[in-house]
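File shown: input-v4.txt (compact mmCIF, N, CA and C atoms).
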# COMPACT_ATOMS: atom_id res chain seq x y z
N MET R 1 94.39 83.23 191.31
CA MET R 1 93.55 82.08 191.13
C MET R 1 94.21 81.07 190.18
N PHE R 2 94.85 81.56 189.10
CA PHE R 2 95.39 80.65 188.11
C PHE R 2 96.78 80.13 188.49
N ARG R 3 97.37 80.65 189.54
CA ARG R 3 98.66 80.16 190.01
C ARG R 3 98.52 79.35 191.29
N SER R 4 97.35 79.30 191.82
CA SER R 4 97.11 78.58 193.07
C SER R 4 96.71 77.14 192.76
N PRO R 5 96.51 76.33 193.79
CA PRO R 5 96.23 74.90 193.57
C PRO R 5 94.79 74.59 193.12
N PHE R 6 94.10 75.53 192.50
CA PHE R 6 92.77 75.25 191.98
C PHE R 6 92.87 74.44 190.69
N THR R 7 91.84 73.74 190.36
CA THR R 7 91.81 72.93 189.15
C THR R 7 92.08 73.78 187.92
N GLU R 8 91.55 74.99 187.90
CA GLU R 8 91.69 75.88 186.75
C GLU R 8 93.14 76.23 186.44
N SER R 9 94.01 76.18 187.44
CA SER R 9 95.41 76.58 187.23
C SER R 9 96.16 75.64 186.30
N SER R 10 95.66 74.43 186.13
CA SER R 10 96.34 73.47 185.28
C SER R 10 95.60 73.21 183.96
N GLN R 11 94.56 73.96 183.68
CA GLN R 11 93.77 73.76 182.46
C GLN R 11 94.12 74.80 181.41
N ASP R 12 94.12 74.38 180.15
CA ASP R 12 94.35 75.31 179.04
C ASP R 12 93.08 76.10 178.73
N VAL R 13 91.94 75.45 178.87
CA VAL R 13 90.66 76.08 178.59
C VAL R 13 89.80 76.00 179.84
N ILE R 14 89.22 77.12 180.21
CA ILE R 14 88.33 77.15 181.38
C ILE R 14 86.91 77.40 180.86
N GLU R 15 86.07 76.42 181.09
CA GLU R 15 84.69 76.53 180.61
C GLU R 15 83.83 77.20 181.67
N VAL R 16 83.13 78.25 181.24
CA VAL R 16 82.22 78.98 182.11
C VAL R 16 80.83 78.75 181.53
N SER R 17 80.00 78.00 182.25
CA SER R 17 78.72 77.60 181.66
C SER R 17 77.51 77.88 182.54
N GLN R 18 77.66 78.75 183.50
CA GLN R 18 76.53 79.04 184.38
C GLN R 18 75.41 79.77 183.64
N PHE R 19 75.79 80.59 182.65
CA PHE R 19 74.82 81.36 181.89
C PHE R 19 74.94 81.02 180.41
N SER R 20 73.96 81.44 179.64
CA SER R 20 73.96 81.15 178.21
C SER R 20 75.00 82.02 177.48
N TYR R 21 75.30 81.62 176.27
CA TYR R 21 76.22 82.37 175.43
C TYR R 21 75.73 83.81 175.25
N GLU R 22 74.43 83.99 175.00
CA GLU R 22 73.86 85.31 174.78
C GLU R 22 74.05 86.22 175.99
N VAL R 23 73.91 85.65 177.16
CA VAL R 23 74.06 86.43 178.39
C VAL R 23 75.52 86.85 178.57
N TYR R 24 76.46 85.91 178.36
CA TYR R 24 77.88 86.27 178.47
C TYR R 24 78.27 87.30 177.41
N ARG R 25 77.74 87.13 176.22
CA ARG R 25 78.05 88.09 175.14
C ARG R 25 77.54 89.48 175.50
N ALA R 26 76.33 89.56 176.03
CA ALA R 26 75.77 90.84 176.44
C ALA R 26 76.60 91.45 177.57
N PHE R 27 77.11 90.60 178.46
CA PHE R 27 77.96 91.08 179.54
C PHE R 27 79.25 91.69 178.99
N LEU R 28 79.88 90.99 178.06
CA LEU R 28 81.10 91.52 177.45
C LEU R 28 80.82 92.81 176.69
N GLU R 29 79.70 92.83 176.00
CA GLU R 29 79.31 94.05 175.28
C GLU R 29 79.13 95.22 176.26
N PHE R 30 78.52 94.94 177.40
CA PHE R 30 78.36 95.98 178.42
C PHE R 30 79.72 96.46 178.92
N LEU R 31 80.65 95.53 179.16
CA LEU R 31 81.97 95.90 179.66
C LEU R 31 82.71 96.83 178.68
N TYR R 32 82.49 96.60 177.38
CA TYR R 32 83.19 97.41 176.38
C TYR R 32 82.43 98.67 175.99
N THR R 33 81.09 98.65 176.04
CA THR R 33 80.31 99.79 175.53
C THR R 33 79.50 100.51 176.59
N ASP R 34 79.34 99.89 177.76
CA ASP R 34 78.51 100.47 178.82
C ASP R 34 77.03 100.51 178.44
N GLN R 35 76.64 99.63 177.51
CA GLN R 35 75.25 99.58 177.05
C GLN R 35 74.76 98.14 177.04
N VAL R 36 73.43 98.00 177.13
CA VAL R 36 72.79 96.68 177.08
C VAL R 36 71.61 96.78 176.13
N ASN R 37 71.49 95.78 175.26
CA ASN R 37 70.38 95.75 174.32
C ASN R 37 69.89 94.31 174.21
N MET R 38 68.84 93.99 174.95
CA MET R 38 68.28 92.65 174.89
C MET R 38 66.82 92.66 175.35
N GLU R 39 66.15 91.56 175.10
CA GLU R 39 64.75 91.42 175.48
C GLU R 39 64.63 91.27 177.00
N PRO R 40 63.50 91.68 177.58
CA PRO R 40 63.32 91.57 179.03
C PRO R 40 63.48 90.15 179.56
N GLU R 41 63.02 89.16 178.79
CA GLU R 41 63.12 87.77 179.23
C GLU R 41 64.57 87.32 179.34
N ASP R 42 65.46 87.89 178.54
CA ASP R 42 66.89 87.57 178.61
C ASP R 42 67.60 88.46 179.62
N ALA R 43 67.12 89.69 179.76
CA ALA R 43 67.73 90.64 180.68
C ALA R 43 67.66 90.15 182.13
N ILE R 44 66.67 89.35 182.44
CA ILE R 44 66.55 88.82 183.81
C ILE R 44 67.75 87.93 184.13
N HIS R 45 68.24 87.18 183.15
CA HIS R 45 69.41 86.32 183.37
C HIS R 45 70.69 87.15 183.43
N LEU R 46 70.74 88.20 182.63
CA LEU R 46 71.89 89.09 182.66
C LEU R 46 71.95 89.82 184.01
N MET R 47 70.79 90.12 184.57
CA MET R 47 70.75 90.76 185.88
C MET R 47 71.31 89.81 186.94
N ASP R 48 71.04 88.53 186.82
CA ASP R 48 71.60 87.55 187.74
C ASP R 48 73.12 87.51 187.61
N LEU R 49 73.62 87.56 186.39
CA LEU R 49 75.06 87.60 186.17
C LEU R 49 75.65 88.89 186.76
N ALA R 50 74.95 90.00 186.61
CA ALA R 50 75.40 91.28 187.18
C ALA R 50 75.52 91.18 188.69
N ASN R 51 74.60 90.47 189.31
CA ASN R 51 74.70 90.23 190.76
C ASN R 51 75.93 89.38 191.08
N ALA R 52 76.14 88.35 190.29
CA ALA R 52 77.26 87.44 190.55
C ALA R 52 78.61 88.14 190.41
N TYR R 53 78.70 89.10 189.48
CA TYR R 53 79.97 89.80 189.24
C TYR R 53 79.99 91.20 189.86
N CYS R 54 79.02 91.47 190.73
CA CYS R 54 78.97 92.76 191.46
C CYS R 54 79.06 93.95 190.51
N GLU R 55 78.13 94.00 189.57
CA GLU R 55 78.06 95.09 188.60
C GLU R 55 76.74 95.84 188.80
N PRO R 56 76.69 96.80 189.74
CA PRO R 56 75.43 97.49 190.04
C PRO R 56 74.86 98.28 188.86
N LYS R 57 75.71 98.85 188.03
CA LYS R 57 75.19 99.61 186.89
C LYS R 57 74.51 98.67 185.89
N LEU R 58 75.11 97.52 185.65
CA LEU R 58 74.50 96.54 184.75
C LEU R 58 73.18 96.05 185.33
N LYS R 59 73.14 95.81 186.61
CA LYS R 59 71.90 95.38 187.27
C LYS R 59 70.81 96.44 187.07
N TYR R 60 71.18 97.70 187.25
CA TYR R 60 70.22 98.80 187.06
C TYR R 60 69.71 98.83 185.62
N LEU R 61 70.61 98.70 184.65
CA LEU R 61 70.20 98.72 183.25
C LEU R 61 69.26 97.55 182.92
N CYS R 62 69.55 96.39 183.48
CA CYS R 62 68.69 95.22 183.26
C CYS R 62 67.31 95.45 183.87
N GLU R 63 67.27 95.98 185.08
CA GLU R 63 65.98 96.27 185.71
C GLU R 63 65.18 97.25 184.87
N ARG R 64 65.85 98.24 184.32
CA ARG R 64 65.16 99.22 183.49
C ARG R 64 64.59 98.57 182.22
N ILE R 65 65.37 97.70 181.59
CA ILE R 65 64.90 96.98 180.40
C ILE R 65 63.66 96.15 180.75
N ILE R 66 63.72 95.47 181.87
CA ILE R 66 62.61 94.61 182.29
C ILE R 66 61.37 95.44 182.58
N LYS R 67 61.53 96.51 183.31
CA LYS R 67 60.38 97.36 183.67
C LYS R 67 59.77 98.02 182.45
N GLN R 68 60.58 98.39 181.48
CA GLN R 68 60.06 99.02 180.26
C GLN R 68 59.46 98.00 179.31
N GLY R 69 59.89 96.75 179.43
CA GLY R 69 59.44 95.72 178.49
C GLY R 69 58.42 94.75 179.03
N ILE R 70 57.94 94.98 180.25
CA ILE R 70 56.96 94.05 180.82
C ILE R 70 55.63 94.15 180.07
N THR R 71 55.04 93.01 179.80
CA THR R 71 53.74 92.93 179.13
C THR R 71 52.87 91.92 179.87
N THR R 72 51.62 91.85 179.49
CA THR R 72 50.75 90.85 180.12
C THR R 72 51.20 89.44 179.76
N ASN R 73 51.89 89.29 178.65
CA ASN R 73 52.36 87.96 178.23
C ASN R 73 53.60 87.49 178.97
N ASN R 74 54.45 88.43 179.44
CA ASN R 74 55.68 88.00 180.11
C ASN R 74 55.72 88.35 181.60
N ALA R 75 54.69 88.99 182.11
CA ALA R 75 54.67 89.43 183.52
C ALA R 75 54.86 88.26 184.49
N ALA R 76 54.19 87.16 184.26
CA ALA R 76 54.30 86.01 185.16
C ALA R 76 55.70 85.42 185.11
N LEU R 77 56.29 85.33 183.93
CA LEU R 77 57.65 84.82 183.78
C LEU R 77 58.65 85.73 184.51
N LEU R 78 58.50 87.04 184.33
CA LEU R 78 59.41 87.99 184.97
C LEU R 78 59.23 88.00 186.48
N TYR R 79 57.99 87.87 186.93
CA TYR R 79 57.71 87.80 188.38
C TYR R 79 58.37 86.55 188.97
N SER R 80 58.24 85.44 188.29
CA SER R 80 58.84 84.19 188.74
C SER R 80 60.36 84.32 188.83
N ALA R 81 60.95 84.93 187.81
CA ALA R 81 62.41 85.12 187.82
C ALA R 81 62.85 86.07 188.92
N ALA R 82 62.08 87.13 189.15
CA ALA R 82 62.41 88.07 190.22
C ALA R 82 62.41 87.36 191.57
N LEU R 83 61.48 86.46 191.77
CA LEU R 83 61.45 85.66 193.00
C LEU R 83 62.67 84.74 193.08
N ARG R 84 62.97 84.08 191.98
CA ARG R 84 64.08 83.13 191.94
C ARG R 84 65.41 83.83 192.22
N TYR R 85 65.57 85.05 191.71
CA TYR R 85 66.82 85.78 191.90
C TYR R 85 66.78 86.72 193.10
N LYS R 86 65.68 86.63 193.87
CA LYS R 86 65.54 87.40 195.11
C LYS R 86 65.73 88.91 194.91
N ASN R 87 65.06 89.43 193.88
CA ASN R 87 65.10 90.87 193.60
C ASN R 87 63.75 91.46 194.02
N GLN R 88 63.70 91.97 195.23
CA GLN R 88 62.43 92.43 195.80
C GLN R 88 61.83 93.60 195.04
N ASP R 89 62.66 94.53 194.58
CA ASP R 89 62.14 95.69 193.85
C ASP R 89 61.46 95.24 192.56
N LEU R 90 62.11 94.37 191.83
CA LEU R 90 61.54 93.86 190.58
C LEU R 90 60.33 92.97 190.86
N GLU R 91 60.40 92.19 191.92
CA GLU R 91 59.28 91.34 192.30
C GLU R 91 58.03 92.20 192.55
N GLU R 92 58.21 93.27 193.31
CA GLU R 92 57.09 94.16 193.62
C GLU R 92 56.56 94.84 192.35
N PHE R 93 57.47 95.27 191.48
CA PHE R 93 57.06 95.92 190.24
C PHE R 93 56.23 94.96 189.38
N CYS R 94 56.72 93.74 189.21
CA CYS R 94 56.01 92.74 188.39
C CYS R 94 54.67 92.38 189.02
N PHE R 95 54.65 92.27 190.34
CA PHE R 95 53.41 91.93 191.03
C PHE R 95 52.37 93.03 190.84
N ARG R 96 52.79 94.28 191.00
CA ARG R 96 51.85 95.41 190.81
C ARG R 96 51.35 95.47 189.38
N PHE R 97 52.25 95.22 188.43
CA PHE R 97 51.83 95.19 187.03
C PHE R 97 50.79 94.10 186.82
N ALA R 98 51.07 92.91 187.35
CA ALA R 98 50.13 91.80 187.21
C ALA R 98 48.80 92.12 187.87
N LEU R 99 48.85 92.76 189.01
CA LEU R 99 47.62 93.13 189.72
C LEU R 99 46.80 94.12 188.90
N ASN R 100 47.47 95.08 188.27
CA ASN R 100 46.77 96.08 187.47
C ASN R 100 46.24 95.53 186.15
N HIS R 101 46.77 94.42 185.70
CA HIS R 101 46.36 93.80 184.44
C HIS R 101 45.98 92.34 184.67
N MET R 102 45.34 92.08 185.81
CA MET R 102 45.11 90.72 186.28
C MET R 102 44.43 89.81 185.27
N THR R 103 43.36 90.24 184.67
CA THR R 103 42.62 89.36 183.77
C THR R 103 43.49 88.90 182.62
N ALA R 104 44.19 89.82 181.98
CA ALA R 104 45.04 89.46 180.85
C ALA R 104 46.23 88.61 181.29
N VAL R 105 46.79 88.91 182.44
CA VAL R 105 47.96 88.16 182.92
C VAL R 105 47.59 86.71 183.23
N VAL R 106 46.48 86.49 183.92
CA VAL R 106 46.11 85.11 184.28
C VAL R 106 45.66 84.30 183.08
N GLN R 107 45.36 84.96 181.99
CA GLN R 107 45.00 84.25 180.77
C GLN R 107 46.20 84.02 179.85
N SER R 108 47.36 84.53 180.24
CA SER R 108 48.55 84.38 179.40
C SER R 108 49.12 82.97 179.54
N GLU R 109 49.84 82.56 178.52
CA GLU R 109 50.46 81.23 178.53
C GLU R 109 51.53 81.12 179.63
N ALA R 110 52.25 82.21 179.86
CA ALA R 110 53.29 82.20 180.89
C ALA R 110 52.68 81.97 182.28
N PHE R 111 51.54 82.55 182.53
CA PHE R 111 50.88 82.36 183.82
C PHE R 111 50.43 80.92 183.99
N ILE R 112 49.89 80.36 182.93
CA ILE R 112 49.41 78.97 182.97
C ILE R 112 50.57 78.01 183.23
N LYS R 113 51.77 78.37 182.75
CA LYS R 113 52.94 77.51 182.92
C LYS R 113 53.67 77.74 184.24
N LEU R 114 53.18 78.63 185.08
CA LEU R 114 53.84 78.89 186.36
C LEU R 114 53.94 77.63 187.19
N ASP R 115 55.00 77.50 187.91
CA ASP R 115 55.21 76.40 188.84
C ASP R 115 54.05 76.40 189.84
N SER R 116 53.55 75.24 190.18
CA SER R 116 52.40 75.16 191.09
C SER R 116 52.70 75.74 192.47
N ASP R 117 53.95 75.60 192.94
CA ASP R 117 54.31 76.19 194.23
C ASP R 117 54.29 77.71 194.15
N LEU R 118 54.76 78.25 193.05
CA LEU R 118 54.72 79.70 192.87
C LEU R 118 53.27 80.17 192.78
N MET R 119 52.45 79.40 192.11
CA MET R 119 51.03 79.74 191.99
C MET R 119 50.40 79.80 193.38
N LYS R 120 50.76 78.87 194.24
CA LYS R 120 50.21 78.86 195.60
C LYS R 120 50.67 80.07 196.39
N ASP R 121 51.89 80.55 196.12
CA ASP R 121 52.37 81.76 196.79
C ASP R 121 51.73 83.01 196.21
N PHE R 122 51.48 82.99 194.91
CA PHE R 122 50.92 84.15 194.22
C PHE R 122 49.47 84.38 194.60
N TYR R 123 48.71 83.32 194.72
CA TYR R 123 47.28 83.44 195.00
C TYR R 123 46.97 84.20 196.28
N PRO R 124 47.57 83.89 197.43
CA PRO R 124 47.26 84.66 198.64
C PRO R 124 47.63 86.14 198.54
N GLU R 125 48.64 86.44 197.73
CA GLU R 125 49.04 87.83 197.56
C GLU R 125 47.98 88.63 196.81
N ILE R 126 47.34 88.00 195.82
CA ILE R 126 46.35 88.74 195.03
C ILE R 126 44.95 88.65 195.62
N ARG R 127 44.76 87.77 196.54
CA ARG R 127 43.43 87.57 197.12
C ARG R 127 42.83 88.85 197.71
N PRO R 128 43.61 89.67 198.44
CA PRO R 128 43.04 90.90 198.97
C PRO R 128 42.56 91.86 197.88
N ALA R 129 43.05 91.68 196.65
CA ALA R 129 42.65 92.56 195.57
C ALA R 129 41.21 92.29 195.13
N GLY R 130 40.64 91.20 195.54
CA GLY R 130 39.24 90.95 195.23
C GLY R 130 39.05 90.02 194.06
N ARG R 131 38.18 90.44 193.15
CA ARG R 131 37.78 89.57 192.06
C ARG R 131 38.26 90.10 190.72
N LEU R 132 38.30 89.23 189.76
CA LEU R 132 38.65 89.59 188.39
C LEU R 132 37.40 90.01 187.64
N LEU R 133 37.57 90.82 186.64
CA LEU R 133 36.44 91.20 185.79
C LEU R 133 36.69 90.70 184.38
N ARG R 134 35.64 90.16 183.76
CA ARG R 134 35.74 89.79 182.36
C ARG R 134 35.72 91.08 181.56
N ARG R 135 36.58 91.17 180.58
CA ARG R 135 36.67 92.40 179.79
C ARG R 135 35.37 92.70 179.05
N SER R 136 34.80 91.69 178.42
CA SER R 136 33.66 91.95 177.54
C SER R 136 32.40 92.36 178.29
N HIS R 137 32.14 91.80 179.45
CA HIS R 137 30.89 92.08 180.15
C HIS R 137 31.10 92.77 181.48
N ARG R 138 32.33 92.89 181.92
CA ARG R 138 32.66 93.47 183.23
C ARG R 138 31.89 92.78 184.35
N GLN R 139 31.80 91.46 184.24
CA GLN R 139 31.15 90.67 185.27
C GLN R 139 32.22 90.04 186.15
N PRO R 140 31.99 89.97 187.45
CA PRO R 140 32.98 89.35 188.33
C PRO R 140 33.18 87.88 188.01
N VAL R 141 34.43 87.45 188.05
CA VAL R 141 34.80 86.05 187.88
C VAL R 141 35.63 85.68 189.09
N ALA R 142 35.23 84.65 189.77
CA ALA R 142 35.97 84.26 190.98
C ALA R 142 37.40 83.86 190.61
N LEU R 143 38.36 84.37 191.34
CA LEU R 143 39.76 84.10 191.07
C LEU R 143 40.09 82.62 191.27
N THR R 144 39.40 81.96 192.18
CA THR R 144 39.69 80.54 192.42
C THR R 144 39.41 79.72 191.17
N MET R 145 38.48 80.13 190.35
CA MET R 145 38.22 79.40 189.11
C MET R 145 39.42 79.49 188.18
N VAL R 146 40.02 80.65 188.09
CA VAL R 146 41.19 80.83 187.23
C VAL R 146 42.34 79.97 187.72
N VAL R 147 42.57 79.95 189.02
CA VAL R 147 43.66 79.17 189.58
C VAL R 147 43.41 77.69 189.38
N MET R 148 42.19 77.25 189.53
CA MET R 148 41.88 75.84 189.34
C MET R 148 42.13 75.41 187.91
N VAL R 149 41.87 76.26 186.94
CA VAL R 149 42.09 75.93 185.55
C VAL R 149 43.56 75.73 185.27
N THR R 150 44.43 76.51 185.92
CA THR R 150 45.87 76.43 185.65
C THR R 150 46.51 75.22 186.29
N ASP R 151 45.91 74.65 187.32
CA ASP R 151 46.50 73.47 187.98
C ASP R 151 46.34 72.32 187.12

Encoded form using structure tokens:
Amino acid sequence: MFRSPFTESSQDVIEVSQFSYEVYRAFLEFLYTDQVNMEPEDAIHLMDLANAYCEPKLKYLCERIIKQGITTNNAALLYSAALRYKNQDLEEFCFRFALNHMTAVVQSEAFIKLDSDLMKDFYPEIRPAGRLLRRSHRQPVALTMVVMVTD
């Protein structure tokens, strides 16, 4: 690559900027130590880099970090990222987590900030699950009300 007629062959410095510094640093750390230590919200980006560099073990470690670190506060963000990076296994995991913790997830800030197109895709998926329950009174709350509030 560096001896061929690519632009990079004539440059002293090659800038790689597709991912953040933290993600590249974690990647290098993985290459040297075979370990990954980062938050689930960052691990999703490292998993994308693992896909780009064909590193299945790194991808597996990132998925494990995400699955172990999912919370009601970050479930919507992780679900959105799983869709963006086309990771069906992680998408299904995040969706099931969100379904099992629906009331708390839809009240999270990350859910409220979801892209409106993603919200439209998410709603039909959860519709068969029925209605939400308020924690304090266990009274049904129509899901359409929650979605309308977020728009």

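One finds CA of Tyr85 in chain R at 21.2 Å from atom C of Phe30 in chain R.
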
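Minimum atom-to-atom distance to Leu46 in chain R, evaluated using all atoms listed in the file, belongs to R:Glu22 out of R:Glu15, R:Glu92, R:Glu22, R:Glu29.
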
Worksheet item: Using only N, CA and C atoms, which of the listed residues (R:Leu114, R:Ile14, R:Thr72, R:Ala52) sits closest to Met102 in chain R?
Response: R:Thr72

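Between Val106 in chain R and the candidates R:Asn73, R:Leu118, R:Leu78, R:Lys67, the tightest atom-to-atom separation, counting only C-alpha atoms, involves R:Asn73.
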
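Take the candidates R:Asn37, R:Met47, R:Gln18, R:Ala26 and check each one against Arg84 in chain R using only C-alpha atoms; the shortest distance goes to R:Met47.
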
Discussion item. What parts of range 48-113 of chain R does DSSP call helix (DSSP H, G or I)? I'd like the answer as a PyMOL selection string.
Written reply: chain R and resi 48-52+56-69+75-84+88-100+102-106+109-112

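Ranking R:Gln11, R:Met38, R:Ala110, R:Leu99 by their shortest atom-to-atom distance to Ile66 in chain R, with all atoms listed in the file included, puts R:Met38 first.
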
Item to complete: Using all atoms listed in the file, find the one residue out of R:Ala76, R:Ile70, R:Ala104, R:Val23 that sits nearest to Leu49 in chain R.
Response: R:Val23

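In this structure, CA of Asp115 in chain R sits 19.2 Å away from CA of Phe97 in chain R.
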
Please define a box with edges along x, y and z of the file around all atoms of range 81-89 of chain R given in the file, extend it by 5 Å on each side, and return its centre and edge lengths in Å to one decimal, as JSON.
{"center_x": 63.9, "center_y": 89.4, "center_z": 191.8, "size_x": 15.9, "size_y": 22.6, "size_z": 18.0}

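Our summary of the geometry notes that atom C of Asp42 in chain R is positioned 16.4 Å from atom N of Ser17 in chain R.
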
Fill in: Spatial neighbours of Tyr60 in chain R, 12 Å, only C-alpha atoms, chain gap at least 3 places, as a PyMOL selection string
chain R and resi 34-36+43-44+46-48+50-51+54-57+63-67+87+89-90
